[in-house]
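Below: target_15.tsv (TSV, C-alpha atoms)
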chain	number	residue	atom	x	y	z
A	1	MET	CA	80.99	23.44	18.25
A	2	ALA	CA	79.93	24.75	14.87
A	3	LYS	CA	79.01	21.25	13.80
A	4	LYS	CA	76.95	20.73	16.94
A	5	SER	CA	75.16	24.05	16.43
A	6	SER	CA	74.52	23.17	12.81
A	7	GLY	CA	73.03	19.84	13.85
A	8	LEU	CA	70.73	21.51	16.33
A	9	ILE	CA	69.56	23.98	13.73
A	10	THR	CA	68.97	21.17	11.23
A	11	GLY	CA	67.03	19.21	13.82
A	12	LEU	CA	64.99	22.29	14.71
A	13	ILE	CA	64.16	22.94	11.06
A	14	THR	CA	63.19	19.30	10.61
A	15	ALA	CA	60.93	19.43	13.67
A	16	ILE	CA	59.28	22.63	12.43
A	17	LEU	CA	58.72	21.13	8.97
A	18	LEU	CA	57.32	17.93	10.49
A	19	SER	CA	54.96	19.92	12.71
A	20	ALA	CA	53.82	21.98	9.73
A	21	MET	CA	53.20	18.82	7.70
A	22	LEU	CA	51.19	17.26	10.52
A	23	LEU	CA	49.20	20.47	10.96
A	24	PHE	CA	48.50	20.61	7.22
A	25	ALA	CA	47.51	16.96	7.18
A	26	GLY	CA	45.15	17.63	10.07
A	27	CYS	CA	43.58	20.54	8.22
A	28	VAL	CA	43.14	18.44	5.10
A	29	SER	CA	41.62	15.66	7.17
A	30	ASP	CA	39.21	18.07	8.88
A	31	SER	CA	38.27	19.62	5.54
A	32	SER	CA	37.73	16.21	3.99
A	33	SER	CA	35.63	15.14	6.97
A	34	ALA	CA	33.53	18.30	6.73
A	35	GLU	CA	32.77	17.58	3.10
A	36	GLU	CA	31.79	13.93	3.62
A	37	THR	CA	28.23	13.13	2.62
A	38	THR	CA	25.81	10.48	3.84
A	39	THR	CA	23.43	8.74	1.47
A	40	ILE	CA	20.01	7.66	2.72
A	41	THR	CA	17.64	5.41	0.81
A	42	VAL	CA	13.98	6.44	0.77
A	43	SER	CA	11.52	3.80	-0.43
A	44	ALA	CA	8.23	5.46	-1.38
A	45	ALA	CA	4.89	4.46	-2.90
A	46	SER	CA	4.62	4.92	-6.67
A	47	SER	CA	1.96	7.59	-6.26
A	48	LEU	CA	4.56	9.77	-4.52
A	49	THR	CA	7.02	9.66	-7.45
A	50	ASP	CA	6.72	13.27	-8.62
A	51	ALA	CA	6.19	14.93	-5.25
A	52	MET	CA	8.93	12.96	-3.49
A	53	THR	CA	11.39	13.61	-6.31
A	54	ASP	CA	10.89	17.36	-5.88
A	55	ILE	CA	11.05	17.12	-2.09
A	56	ALA	CA	14.30	15.16	-2.26
A	57	ALA	CA	15.83	17.71	-4.63
A	58	ALA	CA	14.87	20.61	-2.36
A	59	PHE	CA	16.11	18.70	0.68
A	60	GLU	CA	19.52	18.01	-0.87
A	61	GLU	CA	19.88	21.68	-1.75
A	62	ASP	CA	19.21	22.66	1.85
A	63	ASN	CA	21.23	19.75	3.28
A	64	PRO	CA	24.29	19.36	1.01
A	65	ASN	CA	25.85	16.71	3.27
A	66	ILE	CA	22.95	14.28	2.81
A	67	ASN	CA	22.17	12.56	-0.50
A	68	VAL	CA	18.77	10.95	-1.07
A	69	GLU	CA	18.43	7.81	-3.15
A	70	LEU	CA	14.80	7.19	-4.11
A	71	ASN	CA	13.19	3.80	-4.68
A	72	PHE	CA	9.60	3.75	-5.98
A	73	ALA	CA	7.22	0.77	-6.18
A	74	ALA	CA	3.90	-0.49	-4.81
A	75	SER	CA	3.84	-0.12	-1.03
A	76	GLY	CA	3.43	-3.86	-0.50
A	77	SER	CA	6.41	-4.64	-2.71
A	78	LEU	CA	8.52	-2.10	-0.81
A	79	ARG	CA	7.45	-3.62	2.50
A	80	GLN	CA	8.49	-7.06	1.25
A	81	GLN	CA	11.88	-5.66	0.22
A	82	ILE	CA	12.38	-4.30	3.73
A	83	GLU	CA	11.33	-7.61	5.25
A	84	GLY	CA	13.92	-9.26	3.01
A	85	GLY	CA	16.68	-7.09	4.42
A	86	ALA	CA	16.93	-4.36	1.77
A	87	PRO	CA	19.08	-1.43	3.04
A	88	VAL	CA	16.31	1.13	3.46
A	89	ASP	CA	16.41	4.13	5.78
A	90	VAL	CA	12.97	5.67	5.26
A	91	PHE	CA	9.70	4.06	4.13
A	92	ALA	CA	6.78	6.20	2.87
A	93	SER	CA	3.68	4.07	2.28
A	94	ALA	CA	0.36	4.78	0.59
A	95	SER	CA	-1.35	2.63	3.21
A	96	LYS	CA	-1.22	2.29	6.97
A	97	LYS	CA	-1.41	-1.50	6.59
A	98	HIS	CA	2.15	-2.00	5.38
A	99	VAL	CA	3.69	0.14	8.12
A	100	ASP	CA	1.49	-1.66	10.67
A	101	ILE	CA	2.94	-4.98	9.50
A	102	LEU	CA	6.51	-3.71	9.77
A	103	GLU	CA	5.80	-2.36	13.25
A	104	ASP	CA	4.41	-5.73	14.33
A	105	GLU	CA	7.62	-7.31	13.08
A	106	ASN	CA	9.72	-4.76	15.03
A	107	LEU	CA	11.30	-3.51	11.80
A	108	THR	CA	10.56	0.19	12.33
A	109	SER	CA	12.35	2.64	14.58
A	110	ALA	CA	10.19	3.27	17.65
A	111	GLY	CA	8.46	6.64	17.65
A	112	SER	CA	9.48	7.56	14.11
A	113	ARG	CA	6.12	6.94	12.44
A	114	THR	CA	3.98	9.87	11.36
A	115	ASN	CA	1.16	10.49	8.89
A	116	PHE	CA	2.22	13.13	6.38
A	117	ALA	CA	-0.36	13.16	3.55
A	118	SER	CA	-3.76	11.96	2.38
A	119	ASN	CA	-5.31	11.36	-1.03
A	120	SER	CA	-8.57	10.46	-2.78
A	121	LEU	CA	-9.64	7.74	-5.21
A	122	VAL	CA	-11.15	8.56	-8.62
A	123	LEU	CA	-12.68	6.62	-11.51
A	124	ILE	CA	-11.09	7.57	-14.83
A	125	VAL	CA	-11.63	6.61	-18.49
A	126	PRO	CA	-9.68	7.15	-21.71
A	127	ALA	CA	-10.19	10.52	-23.41
A	128	GLY	CA	-13.49	10.66	-25.24
A	129	ASN	CA	-15.08	8.18	-22.82
A	130	PRO	CA	-15.78	5.59	-25.58
A	131	SER	CA	-17.83	3.35	-23.24
A	132	ASN	CA	-20.05	6.26	-22.10
A	133	ILE	CA	-19.35	5.69	-18.41
A	134	SER	CA	-20.87	8.21	-16.04
A	135	SER	CA	-20.74	6.34	-12.72
A	136	VAL	CA	-19.15	3.37	-11.00
A	137	GLU	CA	-22.37	1.42	-11.56
A	138	ASP	CA	-21.93	1.80	-15.32
A	139	LEU	CA	-18.91	-0.52	-15.12
A	140	THR	CA	-21.35	-3.46	-15.03
A	141	SER	CA	-22.46	-2.63	-18.59
A	142	ASP	CA	-21.68	-5.18	-21.31
A	143	ALA	CA	-19.95	-2.35	-23.16
A	144	VAL	CA	-17.29	-2.37	-20.46
A	145	THR	CA	-14.96	-5.37	-20.67
A	146	LYS	CA	-11.76	-4.22	-18.95
A	147	VAL	CA	-11.44	-2.31	-15.70
A	148	SER	CA	-8.01	-1.71	-14.22
A	149	ILE	CA	-7.04	-1.47	-10.56
A	150	GLY	CA	-3.77	-2.00	-8.74
A	151	ASN	CA	-3.11	-5.49	-7.40
A	152	PRO	CA	-5.00	-5.43	-4.07
A	153	GLU	CA	-2.34	-7.64	-2.46
A	154	THR	CA	0.53	-5.22	-2.99
A	155	ALA	CA	-0.80	-1.88	-4.32
A	156	PRO	CA	-2.89	0.08	-1.79
A	157	VAL	CA	-4.76	1.84	-4.62
A	158	GLY	CA	-6.11	-1.59	-5.61
A	159	LYS	CA	-7.04	-2.43	-2.05
A	160	TYR	CA	-8.96	0.83	-1.70
A	161	ALA	CA	-10.78	0.19	-4.99
A	162	LYS	CA	-11.67	-3.41	-4.13
A	163	GLU	CA	-12.96	-2.39	-0.70
A	164	SER	CA	-15.15	0.29	-2.27
A	165	LEU	CA	-16.55	-2.03	-4.93
A	166	THR	CA	-17.18	-4.75	-2.36
A	167	ASP	CA	-18.92	-2.29	-0.06
A	168	SER	CA	-21.20	-1.17	-2.92
A	169	GLY	CA	-21.99	-4.78	-3.89
A	170	LEU	CA	-20.28	-4.56	-7.31
A	171	TRP	CA	-17.08	-6.53	-6.80
A	172	ASP	CA	-18.43	-10.02	-7.57
A	173	GLU	CA	-19.95	-8.79	-10.82
A	174	LEU	CA	-16.85	-6.89	-11.89
A	175	GLU	CA	-14.07	-9.20	-10.72
A	176	GLU	CA	-13.78	-11.05	-14.04
A	177	LYS	CA	-13.28	-7.72	-15.84
A	178	MET	CA	-10.36	-6.72	-13.68
A	179	VAL	CA	-6.94	-5.99	-15.18
A	180	TYR	CA	-4.38	-5.66	-12.38
A	181	GLY	CA	-1.50	-3.21	-12.47
A	182	GLU	CA	1.66	-3.63	-10.42
A	183	ASN	CA	1.16	-0.12	-9.07
A	184	VAL	CA	-0.96	2.96	-9.64
A	185	ARG	CA	1.31	4.32	-12.38
A	186	GLN	CA	0.82	1.17	-14.44
A	187	VAL	CA	-2.95	1.50	-14.07
A	188	LEU	CA	-2.69	5.10	-15.25
A	189	THR	CA	-0.65	3.98	-18.27
A	190	TYR	CA	-3.35	1.46	-19.22
A	191	LEU	CA	-5.85	4.32	-19.30
A	192	GLU	CA	-3.58	6.75	-21.12
A	193	THR	CA	-3.03	4.22	-23.91
A	194	GLY	CA	-6.69	3.16	-24.06
A	195	ASP	CA	-5.91	-0.48	-23.23
A	196	VAL	CA	-8.79	-0.65	-20.73
A	197	ASP	CA	-12.25	0.91	-20.54
A	198	ALA	CA	-11.92	2.40	-17.07
A	199	GLY	CA	-9.72	2.34	-14.00
A	200	PHE	CA	-9.26	3.51	-10.43
A	201	VAL	CA	-6.30	5.75	-9.54
A	202	TYR	CA	-5.48	8.40	-6.99
A	203	MET	CA	-6.55	11.94	-7.75
A	204	THR	CA	-2.90	12.97	-7.65
A	205	ASP	CA	-2.06	10.52	-10.44
A	206	ALA	CA	-5.01	11.58	-12.57
A	207	LYS	CA	-3.74	15.15	-12.34
A	208	ILE	CA	-0.34	14.27	-13.84
A	209	ALA	CA	-1.71	12.11	-16.68
A	210	LYS	CA	-0.58	12.93	-20.21
A	211	GLU	CA	-2.52	15.88	-21.60
A	212	ASN	CA	-5.87	14.96	-23.16
A	213	SER	CA	-5.33	11.25	-22.46
A	214	ILE	CA	-7.91	10.58	-19.72
A	215	GLU	CA	-11.10	11.95	-18.17
A	216	ILE	CA	-12.05	11.91	-14.50
A	217	ILE	CA	-15.58	10.57	-14.09
A	218	THR	CA	-16.10	10.79	-10.34
A	219	THR	CA	-14.47	10.73	-6.93
A	220	VAL	CA	-15.02	7.32	-5.34
A	221	PRO	CA	-15.82	7.00	-1.62
A	222	THR	CA	-13.43	4.65	0.17
A	223	VAL	CA	-14.03	2.37	3.14
A	224	THR	CA	-10.57	3.14	4.52
A	225	GLU	CA	-9.23	6.69	4.58
A	226	ILE	CA	-6.27	7.07	2.20
A	227	ILE	CA	-3.48	8.07	4.56
A	228	TYR	CA	0.26	8.09	3.84
A	229	PRO	CA	2.47	7.18	6.83
A	230	VAL	CA	6.26	7.46	6.87
A	231	CYS	CA	8.75	5.84	9.23
A	232	ILE	CA	12.43	5.14	9.77
A	233	ILE	CA	13.52	1.52	9.38
A	234	ASP	CA	15.11	0.10	12.52
A	235	SER	CA	18.08	-1.43	10.66
A	236	SER	CA	19.05	1.98	9.24
A	237	GLU	CA	22.62	3.00	9.94
A	238	ASN	CA	21.72	6.63	9.24
A	239	LYS	CA	18.87	7.27	11.67
A	240	GLU	CA	19.96	10.83	12.43
A	241	GLU	CA	20.00	11.81	8.74
A	242	ALA	CA	16.77	9.90	8.16
A	243	GLN	CA	15.09	11.93	10.90
A	244	VAL	CA	16.32	15.15	9.30
A	245	PHE	CA	14.60	14.03	6.09
A	246	LEU	CA	11.36	13.17	7.93
A	247	ASP	CA	11.37	16.59	9.56
A	248	TYR	CA	11.83	18.19	6.14
A	249	LEU	CA	9.01	16.12	4.64
A	250	THR	CA	6.61	17.47	7.25
A	251	SER	CA	8.00	21.01	7.14
A	252	GLU	CA	6.25	23.88	5.38
A	253	THR	CA	8.41	23.28	2.30
A	254	GLY	CA	7.48	19.61	2.18
A	255	LYS	CA	3.82	20.34	2.76
A	256	GLN	CA	3.74	22.92	-0.03
A	257	ILE	CA	5.25	20.50	-2.55
A	258	LEU	CA	2.76	17.79	-1.55
A	259	THR	CA	-0.10	20.27	-1.90
A	260	ASP	CA	1.17	21.37	-5.31
A	261	TYR	CA	0.81	17.78	-6.50
A	262	GLY	CA	-2.75	17.42	-5.18
A	263	PHE	CA	-2.10	15.73	-1.83
A	264	THR	CA	-3.57	16.99	1.39
A	265	ALA	CA	-0.66	17.56	3.77
A	266	GLU	CA	-1.19	16.24	7.28
A	267	ASN	CA	-0.06	17.71	10.61
Kindly return the structure encoded in the file as structure tokens.
Amino acid sequence: MAKKSSGLITGLITAILLSAMLLFAGCVSDSSSAEETTTITVSAASSLTDAMTDIAAAFEEDNPNINVELNFAASGSLRQQIEGGAPVDVFASASKKHVDILEDENLTSAGSRTNFASNSLVLIVPAGNPSNISSVEDLTSDAVTKVSIGNPETAPVGKYAKESLTDSGLWDELEEKMVYGENVRQVLTYLETGDVDAGFVYMTDAKIAKENSIEIITTVPTVTEIIYPVCIIDSSENKEEAQVFLDYLTSETGKQILTDYGFTAEN
């Protein structure tokens, strides 16, 4: 009888220990699950580099369970990456055109698109203005041999510049002087180093140029308004987290950061 009682007690202790272990394992599992993070990839136009970096940092601080991986390039190049199947969750373009194309190809998540910022185009020259340029028309001078714009096929800043020059009747005369940059930041670098006589960049990029490296000559009217749309990519496996990021981008915090960098926040 004593042996039977002892066996029951042993079994009871074993059952209690097993239950405790299972309960502990469940707690650990729940804790681990609570601490899991999701990483979203945000592909953004080069002109958004500084502003988007700050927005992502602020977003991660407010949303510790979501990491943001940033990918910057010319909008057209980013669009081509998405078309090629790159794992992108959010696409922020410097031109409506590239989001339009993705929408036509059913590659964007329906209803996710929104315009979040706008910009302006400026003509800049190296510090000291060695070619004495005071207007866009002065670019036709023999003293000016190299003018840089972004590649119009892939960099919206180049498309805006080409449209403006074509509209003013100057493109044909200036085309042979053109030095194409892969994106707006490369154009800015050409001006900062004095490798070209003049160039067209966004106002936001001119504002973050190296100190005393360039001069802004004039704001250039554009044929197409410079609007930045953002959307969620339909193949994203993290649409919920991507939407949280979009909401943050258009929140007061996101708008303030964009404004600090010279953009005009939309909405």
Q.
Using all atoms listed in the file, which protein or nucleic acid residues come within 12 Å of A:Asp172? Drop anything in the same chain fewer than 6 positions from it, and give the result as a ChimeraX atom specification.
A. /A:140,162-163,165-166,178
Residues just named, written with C-alpha atoms as a PDB file, in the frame of the given file:
ATOM      1  CA  THR A 140     -21.350  -3.460 -15.030  1.00  0.00           C
ATOM      2  CA  LYS A 162     -11.670  -3.410  -4.130  1.00  0.00           C
ATOM      3  CA  GLU A 163     -12.960  -2.390  -0.700  1.00  0.00           C
ATOM      4  CA  LEU A 165     -16.550  -2.030  -4.930  1.00  0.00           C
ATOM      5  CA  THR A 166     -17.180  -4.750  -2.360  1.00  0.00           C
ATOM      6  CA  MET A 178     -10.360  -6.720 -13.680  1.00  0.00           C
TER       7      MET A 178
END
Q) Which residues, written as a list in words, have at least one atom at most 8 Å from A:Thr264, with all atoms listed in the file counted and residues fewer than 4 positions away on the same chain left out? A)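 Contacts, in chain order: Ala117, Ser118, Asn119, Leu258 and Thr259 of chain A.
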Q | Straight-line distance linking atom CA of A:Ala86 with atom CA of A:Asn65, stated in Å to one decimal | A |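 Going from atom CA of A:Ala86 over to atom CA of A:Asn65, I get 22.9 Å.
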Q: Would you list the contacts of stretch 96-100 of chain A as a VMD selection string, taking every protein, DNA or RNA residue within 8 Å and counting all atoms listed in the file, but skipping same-chain residues closer than 5 positions in sequence?
A: chain A and resid 75 to 76 79 227 to 231
Q: Would you kindly return, as an MDAnalysis selection string, each protein, DNA or RNA residue with an atom no farther than 10 Å from any atom of stretch 40-43 of chain A, considering only C-alpha atoms and excluding same-chain residues fewer than 3 positions away?
A: chainID A and resid 37 46 52 56 66:75 78:79 81:82 86:93 230:233 236:239 241:242 245
Q.
Between atom CA of A:Gly199 and atom CA of A:Val125, what is the distance in Å, rounded to a tenth?
A. 6.5 Å
